[in-house]
>>> print(open('input.pdb').read())   # PDB, C-alpha atoms
ATOM      1  CA  MET A1098      21.251  68.078  31.326  1.00  0.00           C
ATOM      2  CA  ASN A1099      19.019  65.212  32.427  1.00  0.00           C
ATOM      3  CA  ILE A1100      15.511  65.501  33.833  1.00  0.00           C
ATOM      4  CA  LYS A1101      16.510  64.510  37.386  1.00  0.00           C
ATOM      5  CA  SER A1102      19.166  67.220  37.718  1.00  0.00           C
ATOM      6  CA  PHE A1103      16.808  69.761  36.123  1.00  0.00           C
ATOM      7  CA  SER A1104      14.045  68.829  38.603  1.00  0.00           C
ATOM      8  CA  LEU A1105      16.380  69.009  41.587  1.00  0.00           C
ATOM      9  CA  ARG A1106      17.786  72.371  40.460  1.00  0.00           C
ATOM     10  CA  SER A1107      14.281  73.695  39.823  1.00  0.00           C
ATOM     11  CA  LEU A1108      13.150  72.608  43.294  1.00  0.00           C
ATOM     12  CA  PHE A1109      16.029  74.372  45.038  1.00  0.00           C
ATOM     13  CA  LEU A1110      15.720  77.460  42.845  1.00  0.00           C
ATOM     14  CA  PHE A1111      12.022  77.646  43.741  1.00  0.00           C
ATOM     15  CA  ALA A1112      12.840  77.302  47.453  1.00  0.00           C
ATOM     16  CA  ALA A1113      15.515  79.998  47.259  1.00  0.00           C
ATOM     17  CA  LEU A1114      13.200  82.378  45.409  1.00  0.00           C
ATOM     18  CA  LEU A1115      10.406  81.699  47.877  1.00  0.00           C
ATOM     19  CA  LEU A1116      12.659  82.509  50.826  1.00  0.00           C
ATOM     20  CA  LEU A1117      14.129  85.611  49.213  1.00  0.00           C
ATOM     21  CA  SER A1118      10.905  87.086  47.878  1.00  0.00           C
ATOM     22  CA  ASN A1119       9.714  90.137  49.758  1.00  0.00           C
ATOM     23  CA  SER A1120       6.629  92.276  49.760  1.00  0.00           C
ATOM     24  CA  ALA A1121       5.343  95.162  51.860  1.00  0.00           C
ATOM     25  CA  ILE A1122       4.064  92.674  54.445  1.00  0.00           C
ATOM     26  CA  SER A1123       7.396  90.862  54.652  1.00  0.00           C
ATOM     27  CA  GLN A1124       8.885  93.557  56.855  1.00  0.00           C
ATOM     28  CA  GLN A1125       6.889  91.998  59.705  1.00  0.00           C
ATOM     29  CA  ARG A1126       8.149  88.489  58.903  1.00  0.00           C
ATOM     30  CA  ARG A1127      11.282  87.055  60.448  1.00  0.00           C
ATOM     31  CA  LEU A1128      14.072  84.681  59.486  1.00  0.00           C
ATOM     32  CA  ILE A1129      15.043  82.047  62.023  1.00  0.00           C
ATOM     33  CA  ASN A1130      18.299  80.097  62.032  1.00  0.00           C
ATOM     34  CA  TYR A1131      18.495  76.788  63.839  1.00  0.00           C
ATOM     35  CA  THR A1132      21.222  74.254  64.485  1.00  0.00           C
ATOM     36  CA  GLU A1133      20.690  70.728  65.761  1.00  0.00           C
ATOM     37  CA  ILE A1134      22.739  67.727  66.879  1.00  0.00           C
ATOM     38  CA  SER A1135      20.913  64.444  67.395  1.00  0.00           C
ATOM     39  CA  ALA A1136      21.380  60.767  68.025  1.00  0.00           C
ATOM     40  CA  LEU A1137      19.657  58.453  65.533  1.00  0.00           C
ATOM     41  CA  ILE A1138      18.442  55.377  67.353  1.00  0.00           C
ATOM     42  CA  HIS A1139      17.552  52.262  65.383  1.00  0.00           C
ATOM     43  CA  GLY A1140      13.936  51.734  64.464  1.00  0.00           C
ATOM     44  CA  SER A1141      13.708  49.465  61.428  1.00  0.00           C
ATOM     45  CA  THR A1142      15.358  48.624  58.121  1.00  0.00           C
ATOM     46  CA  SER A1143      14.444  46.715  54.988  1.00  0.00           C
ATOM     47  CA  LEU A1144      17.771  44.796  55.039  1.00  0.00           C
ATOM     48  CA  THR A1145      17.636  41.042  55.490  1.00  0.00           C
ATOM     49  CA  GLY A1146      17.976  40.166  59.170  1.00  0.00           C
ATOM     50  CA  ASN A1147      16.917  43.674  60.274  1.00  0.00           C
ATOM     51  CA  PRO A1148      20.394  44.664  61.594  1.00  0.00           C
ATOM     52  CA  THR A1149      20.681  47.409  64.197  1.00  0.00           C
ATOM     53  CA  PHE A1150      21.729  50.888  63.063  1.00  0.00           C
ATOM     54  CA  ASN A1151      22.673  53.812  65.258  1.00  0.00           C
ATOM     55  CA  GLY A1152      23.779  57.176  64.061  1.00  0.00           C
ATOM     56  CA  PHE A1153      24.550  60.807  64.533  1.00  0.00           C
ATOM     57  CA  ARG A1154      22.908  63.740  62.780  1.00  0.00           C
ATOM     58  CA  THR A1155      23.673  67.447  62.406  1.00  0.00           C
ATOM     59  CA  ARG A1156      21.511  70.119  60.761  1.00  0.00           C
ATOM     60  CA  THR A1157      21.628  73.822  60.233  1.00  0.00           C
ATOM     61  CA  GLY A1158      18.890  75.683  58.463  1.00  0.00           C
ATOM     62  CA  ILE A1159      16.996  78.850  57.812  1.00  0.00           C
ATOM     63  CA  THR A1160      13.238  79.206  58.213  1.00  0.00           C
ATOM     64  CA  LYS A1161      11.189  82.168  57.084  1.00  0.00           C
ATOM     65  CA  LEU A1162       8.060  82.799  59.134  1.00  0.00           C
ATOM     66  CA  LEU A1163       5.061  83.279  56.858  1.00  0.00           C
ATOM     67  CA  ASN A1164       2.815  84.281  59.765  1.00  0.00           C
ATOM     68  CA  GLU A1165       3.135  84.285  63.563  1.00  0.00           C
ATOM     69  CA  ASN A1166       3.233  80.503  63.832  1.00  0.00           C
ATOM     70  CA  PHE A1167       4.148  78.879  60.496  1.00  0.00           C
ATOM     71  CA  GLY A1168       7.423  78.917  58.604  1.00  0.00           C
ATOM     72  CA  ILE A1169       9.136  77.184  55.701  1.00  0.00           C
ATOM     73  CA  GLY A1170      12.813  76.903  54.924  1.00  0.00           C
ATOM     74  CA  PHE A1171      15.690  74.698  53.934  1.00  0.00           C
ATOM     75  CA  ALA A1172      18.500  72.918  55.776  1.00  0.00           C
ATOM     76  CA  LEU A1173      21.825  71.259  55.144  1.00  0.00           C
ATOM     77  CA  GLY A1174      23.289  68.572  57.346  1.00  0.00           C
ATOM     78  CA  THR A1175      25.145  65.325  57.779  1.00  0.00           C
ATOM     79  CA  ASP A1176      23.886  61.898  58.801  1.00  0.00           C
ATOM     80  CA  ASN A1177      26.220  59.088  59.821  1.00  0.00           C
ATOM     81  CA  TYR A1178      24.772  55.597  60.261  1.00  0.00           C
ATOM     82  CA  ARG A1179      26.693  52.653  61.722  1.00  0.00           C
ATOM     83  CA  LYS A1180      25.464  49.105  61.354  1.00  0.00           C
ATOM     84  CA  SER A1181      26.176  46.615  64.129  1.00  0.00           C
ATOM     85  CA  GLY A1182      28.824  44.218  62.869  1.00  0.00           C
ATOM     86  CA  GLY A1183      30.254  46.705  60.330  1.00  0.00           C
ATOM     87  CA  GLY A1184      29.079  49.124  57.718  1.00  0.00           C
ATOM     88  CA  ASN A1185      29.169  52.884  57.836  1.00  0.00           C
ATOM     89  CA  TYR A1186      26.862  55.087  55.736  1.00  0.00           C
ATOM     90  CA  ASN A1187      27.383  58.845  55.453  1.00  0.00           C
ATOM     91  CA  THR A1188      24.914  61.189  53.791  1.00  0.00           C
ATOM     92  CA  LEU A1189      24.704  64.924  53.115  1.00  0.00           C
ATOM     93  CA  PRO A1190      20.966  65.738  53.225  1.00  0.00           C
ATOM     94  CA  ILE A1191      19.537  68.902  51.696  1.00  0.00           C
ATOM     95  CA  THR A1192      15.917  69.364  52.785  1.00  0.00           C
ATOM     96  CA  LEU A1193      12.902  71.601  52.549  1.00  0.00           C
ATOM     97  CA  ASN A1194      11.319  72.134  55.971  1.00  0.00           C
ATOM     98  CA  ALA A1195       8.028  73.255  57.456  1.00  0.00           C
ATOM     99  CA  ALA A1196       7.615  74.283  61.097  1.00  0.00           C
ATOM    100  CA  TYR A1197       4.576  75.183  63.173  1.00  0.00           C
ATOM    101  CA  TYR A1198       5.213  77.049  66.441  1.00  0.00           C
ATOM    102  CA  LEU A1199       2.332  76.863  68.917  1.00  0.00           C
ATOM    103  CA  ASP A1200       3.573  80.058  70.623  1.00  0.00           C
ATOM    104  CA  PRO A1201       4.173  83.095  68.356  1.00  0.00           C
ATOM    105  CA  LYS A1202       7.158  83.983  70.585  1.00  0.00           C
ATOM    106  CA  LEU A1203       8.817  80.782  69.186  1.00  0.00           C
ATOM    107  CA  SER A1204       9.187  79.115  72.593  1.00  0.00           C
ATOM    108  CA  GLY A1205       7.390  76.040  73.842  1.00  0.00           C
ATOM    109  CA  LEU A1206       6.150  73.303  71.528  1.00  0.00           C
ATOM    110  CA  LYS A1207       7.034  73.189  67.819  1.00  0.00           C
ATOM    111  CA  LEU A1208       5.974  70.656  65.151  1.00  0.00           C
ATOM    112  CA  ASP A1209       8.203  70.105  62.130  1.00  0.00           C
ATOM    113  CA  ALA A1210       8.344  68.093  58.906  1.00  0.00           C
ATOM    114  CA  TYR A1211      11.013  67.851  56.242  1.00  0.00           C
ATOM    115  CA  GLY A1212      11.859  66.077  53.043  1.00  0.00           C
ATOM    116  CA  GLY A1213      14.724  66.152  50.630  1.00  0.00           C
ATOM    117  CA  TYR A1214      17.596  64.373  49.037  1.00  0.00           C
ATOM    118  CA  ALA A1215      20.866  63.040  50.432  1.00  0.00           C
ATOM    119  CA  VAL A1216      23.573  63.704  47.863  1.00  0.00           C
ATOM    120  CA  LYS A1217      26.617  61.541  47.217  1.00  0.00           C
ATOM    121  CA  LEU A1218      29.256  62.077  49.892  1.00  0.00           C
ATOM    122  CA  PHE A1219      31.657  59.161  49.295  1.00  0.00           C
ATOM    123  CA  ASN A1220      32.079  56.562  46.550  1.00  0.00           C
ATOM    124  CA  ASN A1221      29.998  53.928  48.322  1.00  0.00           C
ATOM    125  CA  LEU A1222      26.734  55.895  48.392  1.00  0.00           C
ATOM    126  CA  SER A1223      25.005  57.007  45.236  1.00  0.00           C
ATOM    127  CA  LYS A1224      21.890  58.856  46.401  1.00  0.00           C
ATOM    128  CA  GLY A1225      18.929  58.669  48.729  1.00  0.00           C
ATOM    129  CA  LEU A1226      15.618  60.212  49.657  1.00  0.00           C
ATOM    130  CA  THR A1227      15.335  61.536  53.214  1.00  0.00           C
ATOM    131  CA  ALA A1228      12.240  62.641  55.135  1.00  0.00           C
ATOM    132  CA  GLY A1229      10.911  62.940  58.651  1.00  0.00           C
ATOM    133  CA  ALA A1230       8.731  64.652  61.192  1.00  0.00           C
ATOM    134  CA  GLY A1231       9.038  65.524  64.829  1.00  0.00           C
ATOM    135  CA  LEU A1232       8.363  67.838  67.688  1.00  0.00           C
ATOM    136  CA  SER A1233      10.504  69.910  69.980  1.00  0.00           C
ATOM    137  CA  TYR A1234      10.146  71.975  73.080  1.00  0.00           C
ATOM    138  CA  SER A1235      12.253  75.119  73.368  1.00  0.00           C
ATOM    139  CA  ILE A1236      13.123  77.290  76.337  1.00  0.00           C
ATOM    140  CA  PRO A1237      14.217  80.916  75.879  1.00  0.00           C
ATOM    141  CA  VAL A1238      17.817  81.532  76.951  1.00  0.00           C
ATOM    142  CA  ASN A1239      17.679  85.232  76.046  1.00  0.00           C
ATOM    143  CA  ALA A1240      15.718  87.467  73.627  1.00  0.00           C
ATOM    144  CA  GLY A1241      17.456  86.060  70.546  1.00  0.00           C
ATOM    145  CA  LEU A1242      18.187  82.437  71.494  1.00  0.00           C
ATOM    146  CA  ASN A1243      16.168  79.334  72.416  1.00  0.00           C
ATOM    147  CA  LEU A1244      17.445  75.936  73.543  1.00  0.00           C
ATOM    148  CA  GLY A1245      15.301  73.015  72.441  1.00  0.00           C
ATOM    149  CA  LEU A1246      14.882  69.308  73.121  1.00  0.00           C
ATOM    150  CA  GLN A1247      13.800  67.373  70.024  1.00  0.00           C
ATOM    151  CA  THR A1248      12.449  64.017  69.015  1.00  0.00           C
ATOM    152  CA  GLY A1249      10.994  62.589  65.844  1.00  0.00           C
ATOM    153  CA  TYR A1250      11.185  60.002  63.102  1.00  0.00           C
ATOM    154  CA  ASN A1251      13.913  60.059  60.426  1.00  0.00           C
ATOM    155  CA  TYR A1252      13.610  58.077  57.150  1.00  0.00           C
ATOM    156  CA  GLN A1253      16.580  57.456  54.837  1.00  0.00           C
ATOM    157  CA  LYS A1254      16.811  55.508  51.583  1.00  0.00           C
ATOM    158  CA  ILE A1255      20.283  54.167  50.778  1.00  0.00           C
ATOM    159  CA  ASP A1256      20.849  53.513  47.050  1.00  0.00           C
ATOM    160  CA  PHE A1257      24.110  52.099  45.745  1.00  0.00           C
ATOM    161  CA  PRO A1258      25.531  52.657  42.244  1.00  0.00           C
ATOM    162  CA  PRO A1259      25.299  49.621  39.912  1.00  0.00           C
ATOM    163  CA  SER A1260      29.100  49.206  39.884  1.00  0.00           C
ATOM    164  CA  PHE A1261      29.336  48.862  43.681  1.00  0.00           C
ATOM    165  CA  GLN A1262      29.934  45.379  45.101  1.00  0.00           C
ATOM    166  CA  ILE A1263      26.929  45.610  47.471  1.00  0.00           C
ATOM    167  CA  SER A1264      23.851  45.901  45.301  1.00  0.00           C
ATOM    168  CA  GLU A1265      21.146  45.723  47.955  1.00  0.00           C
ATOM    169  CA  ASN A1266      19.468  49.119  48.300  1.00  0.00           C
ATOM    170  CA  PHE A1267      17.586  49.578  51.548  1.00  0.00           C
ATOM    171  CA  ASP A1268      15.313  51.827  53.585  1.00  0.00           C
ATOM    172  CA  MET A1269      16.001  52.805  57.163  1.00  0.00           C
ATOM    173  CA  GLY A1270      13.858  54.408  59.852  1.00  0.00           C
ATOM    174  CA  THR A1271      15.354  55.834  63.031  1.00  0.00           C
ATOM    175  CA  ILE A1272      14.153  57.749  66.068  1.00  0.00           C
ATOM    176  CA  ARG A1273      15.755  61.175  66.444  1.00  0.00           C
ATOM    177  CA  LEU A1274      16.693  62.524  69.926  1.00  0.00           C
ATOM    178  CA  GLY A1275      18.598  65.762  70.075  1.00  0.00           C
ATOM    179  CA  LEU A1276      19.369  69.272  71.185  1.00  0.00           C
ATOM    180  CA  GLY A1277      18.828  72.352  69.087  1.00  0.00           C
ATOM    181  CA  LEU A1278      19.532  76.054  69.150  1.00  0.00           C
ATOM    182  CA  THR A1279      17.150  78.534  67.545  1.00  0.00           C
ATOM    183  CA  PHE A1280      18.456  82.001  66.721  1.00  0.00           C
ATOM    184  CA  LYS A1281      15.564  84.409  66.234  1.00  0.00           C
TER
END
>>> encode(input="input.pdb", output="structure tokens")
Amino acid sequence: MNIKSFSLRSLFLFAALLLLSNSAISQQRRLINYTEISALIHGSTSLTGNPTFNGFRTRTGITKLLNENFGIGFALGTDNYRKSGGGNYNTLPITLNAAYYLDPKLSGLKLDAYGGYAVKLFNNLSKGLTAGAGLSYSIPVNAGLNLGLQTGYNYQKIDFPPSFQISENFDMGTIRLGLGLTFK
């Protein structure tokens, strides 16, 4: 077992234990499930010539409210980036998330931040750090469901394995615009 896999496993084990731990106060705390689909609109890249990237993103996650307004959780998703003139990059991000709801009823404005790791999905992508922050505005549809409009910044690092013919690793920043559902 190498140090990187031990660190990654330890991080996710810690997150799982944190979400599953309960105390007498936790009966008042809630779990929230959310699902999101977003467009990733080109912002910038470290590639030579600054080519344009556009993409598509999906996420589903669980957040545990620690008080009326603040929650932490984890999410799993997919990101697909397409470069103008060719090139397709697919990632499978696993992230830790933090969310701050201005309204304790979980409607209205929400601030969020996340960070994690995009694991290998196909042979052409080895690994990559992912992170971002954003805000959303949600409208209650019924007592257990909110519909939200979201925007934010999404960062992705694309690292290739040494044996791959393209050896230029690069960073990419995109603007996220999407729709989300929050199940509370």
>>> closest_residue(input="input.pdb", among="A:Ser1233, A:Ser1141, A:Thr1149, A:Asn1266", to="Gly1249 in chain A", atoms="all atoms listed in the file")
A:Ser1233
>>> axis_aligned_box(input="input.pdb", around="range 1222-1231 of chain A", padding_each_side="8 Å", output="lines of an AutoDock Vina configuration file")
center_x = 17.7
center_y = 60.7
center_z = 55.0
size_x = 34.0
size_y = 25.6
size_z = 35.6
>>> atom_distance(input="input.pdb", atom1="CA of Gln1253 in chain A", atom2="CA of Lys1207 in chain A")
22.5 Å
>>> closest_residue(input="input.pdb", among="A:Tyr1186, A:Tyr1131, A:Phe1267, A:Tyr1214", to="Gly1245 in chain A", atoms="only C-alpha atoms")
A:Tyr1131
>>> resolve_selection(input="input.pdb", expression="the PyMOL selection byres ((chain A and resi 1280) around 10)", output="list in words")
Leu1128, Ile1129, Asn1130, Tyr1131, Thr1132, Ile1159, Asn1239, Ala1240, Gly1241, Leu1242, Asn1243, Leu1244, Gly1277, Leu1278, Thr1279 and Lys1281 of chain A
>>> resolve_selection(input="input.pdb", expression="the PyMOL selection byres ((chain A and resi 1164) around 9)", output="PyMOL selection string")
chain A and resi 1125-1127+1162-1163+1165-1168+1201
>>> atom_distance(input="input.pdb", atom1="CA of Asn1185 in chain A", atom2="CA of Ile1134 in chain A")
18.5 Å
>>> resolve_selection(input="input.pdb", expression="the PyMOL selection byres ((chain A and resi 1192) around 10)", output="list of chain:residue names")
A:Phe1109, A:Arg1156, A:Gly1158, A:Gly1170, A:Phe1171, A:Ala1172, A:Leu1173, A:Gly1174, A:Leu1189, A:Pro1190, A:Ile1191, A:Leu1193, A:Asn1194, A:Ala1195, A:Ala1210, A:Tyr1211, A:Gly1212, A:Gly1213, A:Tyr1214, A:Ala1215, A:Leu1226, A:Thr1227, A:Ala1228
>>> write_last_selection(input="input.pdb", atoms="C-alpha atoms", output="mmCIF file, in the coordinates of the input")
data_model
loop_
_atom_site.group_PDB
_atom_site.id
_atom_site.type_symbol
_atom_site.label_atom_id
_atom_site.label_comp_id
_atom_site.auth_asym_id
_atom_site.auth_seq_id
_atom_site.Cartn_x
_atom_site.Cartn_y
_atom_site.Cartn_z
ATOM 1 C CA PHE A 1109 16.029 74.372 45.038
ATOM 2 C CA ARG A 1156 21.511 70.119 60.761
ATOM 3 C CA GLY A 1158 18.890 75.683 58.463
ATOM 4 C CA GLY A 1170 12.813 76.903 54.924
ATOM 5 C CA PHE A 1171 15.690 74.698 53.934
ATOM 6 C CA ALA A 1172 18.500 72.918 55.776
ATOM 7 C CA LEU A 1173 21.825 71.259 55.144
ATOM 8 C CA GLY A 1174 23.289 68.572 57.346
ATOM 9 C CA LEU A 1189 24.704 64.924 53.115
ATOM 10 C CA PRO A 1190 20.966 65.738 53.225
ATOM 11 C CA ILE A 1191 19.537 68.902 51.696
ATOM 12 C CA LEU A 1193 12.902 71.601 52.549
ATOM 13 C CA ASN A 1194 11.319 72.134 55.971
ATOM 14 C CA ALA A 1195 8.028 73.255 57.456
ATOM 15 C CA ALA A 1210 8.344 68.093 58.906
ATOM 16 C CA TYR A 1211 11.013 67.851 56.242
ATOM 17 C CA GLY A 1212 11.859 66.077 53.043
ATOM 18 C CA GLY A 1213 14.724 66.152 50.630
ATOM 19 C CA TYR A 1214 17.596 64.373 49.037
ATOM 20 C CA ALA A 1215 20.866 63.040 50.432
ATOM 21 C CA LEU A 1226 15.618 60.212 49.657
ATOM 22 C CA THR A 1227 15.335 61.536 53.214
ATOM 23 C CA ALA A 1228 12.240 62.641 55.135
#
